[in-house]
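This is coords-v7.txt (compact mmCIF, C-alpha atoms).
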```txt
# COMPACT_ATOMS: atom_id res chain seq x y z
CA GLU A 1 15.96 -14.36 -12.79
CA GLU A 2 12.91 -13.95 -10.52
CA ARG A 3 15.12 -12.34 -7.85
CA LYS A 4 16.45 -9.84 -10.40
CA LEU A 5 12.90 -8.98 -11.43
CA ARG A 6 11.88 -8.42 -7.79
CA ILE A 7 14.90 -6.19 -7.17
CA ARG A 8 14.13 -4.21 -10.33
CA GLU A 9 10.51 -3.72 -9.21
CA GLN A 10 11.64 -2.59 -5.75
CA ILE A 11 14.01 -0.02 -7.24
CA ILE A 12 11.38 1.23 -9.68
CA ASP A 13 8.77 1.44 -6.90
CA LYS A 14 11.12 3.27 -4.58
CA TYR A 15 12.18 5.92 -7.07
CA PHE A 16 9.24 6.18 -9.44
CA GLY A 17 6.19 5.00 -7.46
CA ASN A 18 3.01 4.86 -9.51
CA LEU A 19 4.81 5.91 -12.70
CA ALA A 20 5.99 2.31 -12.88
CA ILE A 21 2.39 1.24 -13.47
CA VAL A 22 1.77 3.91 -16.11
CA PHE A 23 4.79 2.81 -18.13
CA GLY A 24 4.13 -0.90 -17.63
CA PHE A 25 7.14 -1.84 -15.51
CA CYS A 26 5.05 -3.39 -12.70
CA ASP A 27 1.73 -5.12 -12.33
CA GLU A 28 -0.83 -2.68 -10.85
CA ASN A 29 -2.25 -5.30 -8.49
CA ARG A 30 1.19 -6.10 -7.05
CA VAL A 31 1.87 -2.42 -6.45
CA SER A 32 -1.55 -1.93 -4.80
CA VAL A 33 -0.91 -4.84 -2.44
CA ARG A 34 2.51 -3.44 -1.55
CA MET A 35 1.03 0.01 -0.88
CA THR A 36 -1.80 -1.53 1.16
CA LYS A 37 0.74 -3.37 3.31
CA LYS A 38 2.56 -0.06 3.90
CA ALA A 39 -0.76 1.37 5.03
CA GLU A 40 -1.23 -1.52 7.45
CA ALA A 41 2.03 -0.55 9.16
CA PHE A 42 0.98 3.12 9.38
CA LEU A 43 -2.40 2.16 10.86
CA LEU A 44 -0.77 -0.01 13.51
CA GLU A 45 2.21 2.20 14.36
CA SER A 46 0.82 5.72 13.91
CA PRO A 47 -2.65 5.95 15.47
CA GLU A 48 -2.50 9.75 15.34
CA MET A 49 -2.56 9.74 11.53
CA SER A 50 -5.92 10.21 9.82
CA ILE A 51 -7.03 7.67 7.22
CA THR A 52 -6.36 10.26 4.51
CA GLU A 53 -2.82 10.80 5.81
CA VAL A 54 -2.28 7.04 5.87
CA ALA A 55 -3.52 6.78 2.29
CA PHE A 56 -1.24 9.54 0.98
CA SER A 57 1.76 8.34 3.02
CA SER A 58 1.30 4.86 1.54
CA GLY A 59 1.37 6.16 -2.02
CA PHE A 60 -2.34 6.41 -2.80
CA ASN A 61 -3.60 9.65 -4.36
CA ASP A 62 -7.23 9.18 -3.32
CA SER A 63 -8.39 8.15 0.15
CA ASN A 64 -11.63 6.59 -1.17
CA TYR A 65 -9.70 4.44 -3.63
CA PHE A 66 -7.31 3.52 -0.82
CA SER A 67 -10.19 2.50 1.47
CA ASP A 68 -11.66 0.32 -1.29
CA LYS A 69 -8.33 -1.43 -1.98
CA PHE A 70 -7.67 -1.85 1.75
CA LYS A 71 -11.11 -3.38 2.32
CA ARG A 72 -10.65 -5.79 -0.58
CA HIS A 73 -7.28 -6.89 0.80
CA PHE A 74 -8.09 -7.10 4.53
CA GLY A 75 -11.86 -7.63 4.46
CA MET A 76 -12.60 -4.52 6.51
CA SER A 77 -12.24 -0.76 6.31
CA PRO A 78 -9.00 0.90 7.48
CA LEU A 79 -10.87 2.49 10.40
CA LYS A 80 -12.31 -0.84 11.55
CA PHE A 81 -8.91 -2.51 11.10
CA ARG A 82 -7.30 0.13 13.29
CA SER A 83 -9.96 -0.12 16.00
CA GLN A 84 -9.75 -3.93 16.09
CA SER A 85 -5.95 -3.86 16.19
CA LYS A 86 -5.70 -1.67 19.29
CA PRO A 87 -4.03 -3.32 22.30
CA GLY A 88 -6.54 -5.05 24.54
CA LYS A 89 -8.95 -5.88 21.69
```
Structure translated into structure tokens:
Amino acid sequence: EERKLRIREQIIDKYFGNLAIVFGFCDENRVSVRMTKKAEAFLLESPEMSITEVAFSSGFNDSNYFSDKFKRHFGMSPLKFRSQSKPGK
């Protein structure tokens, strides 16, 4: 049952994004964590992207909101996370 629920949420997230939250199909916190983890990958793998581009590419509509959620999840700003994650640091 839990696996079915996870699969349903993945499908809803993939095709409907934040609309899933609006209509109550997914927990907002769970979606924010998932989007923040997407942003982590962009920050590590695409250093040429601006923080705003990372935010929008991860599904956030506001870069300030994204930065706040990212900081709450990782304990540092996206910019600091990126600078500390560079090779040799």
task: Around the point (-9.9, 6.7, 6.2), in the coordinates given by the file, pick out the residues reaching within 9 Å, counting all atoms listed in the file, and return them as an NGL selection string.
output: :A and (50-55 or 63-64 or 66-67 or 77-79)
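Interatomic distance, CA of Asn61 in chain A to CA of Gln84 in chain A: 25.3 Å.
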task: May I have the residues within 10 Å of Phe74 in chain A as an MDAnalysis selection string, using only C-alpha atoms and disregarding those fewer than 5 positions away in the same chain?
output: chainID A and resid 36:37 40 69 81
statement: CA of Leu44 in chain A to CA of Arg82 in chain A measures 6.5 Å
message: Which residue is closest to Leu43 in chain A? Choose from A:His73, A:Arg3, A:Lys80, A:Arg8 and count all atoms listed in the file.
response: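 Of A:His73, A:Arg3, A:Lys80, A:Arg8, the one nearest Leu43 in chain A is A:Lys80, counting all atoms listed in the file.
Across the model, the gap from CA of Phe42 in chain A to CA of Gly59 in chain A is 11.8 Å.
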task: Select, from A:Pro47, A:Glu2, A:Ile7, A:Phe70, the residue with the minimum atom-to-atom distance to Met35 in chain A, counting only C-alpha atoms.
output: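 The closest residue to Met35 in chain A is A:Phe70.
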Please enclose the listed atoms of range 53-58 of chain A in an axis-aligned box, pad each side by 8 Å, and write out the centre and the three edge lengths in Å, rounded to one decimal, as lines of an AutoDock Vina configuration file.
```
center_x = -0.9
center_y = 7.8
center_z = 3.4
size_x = 21.3
size_y = 21.9
size_z = 20.9
```
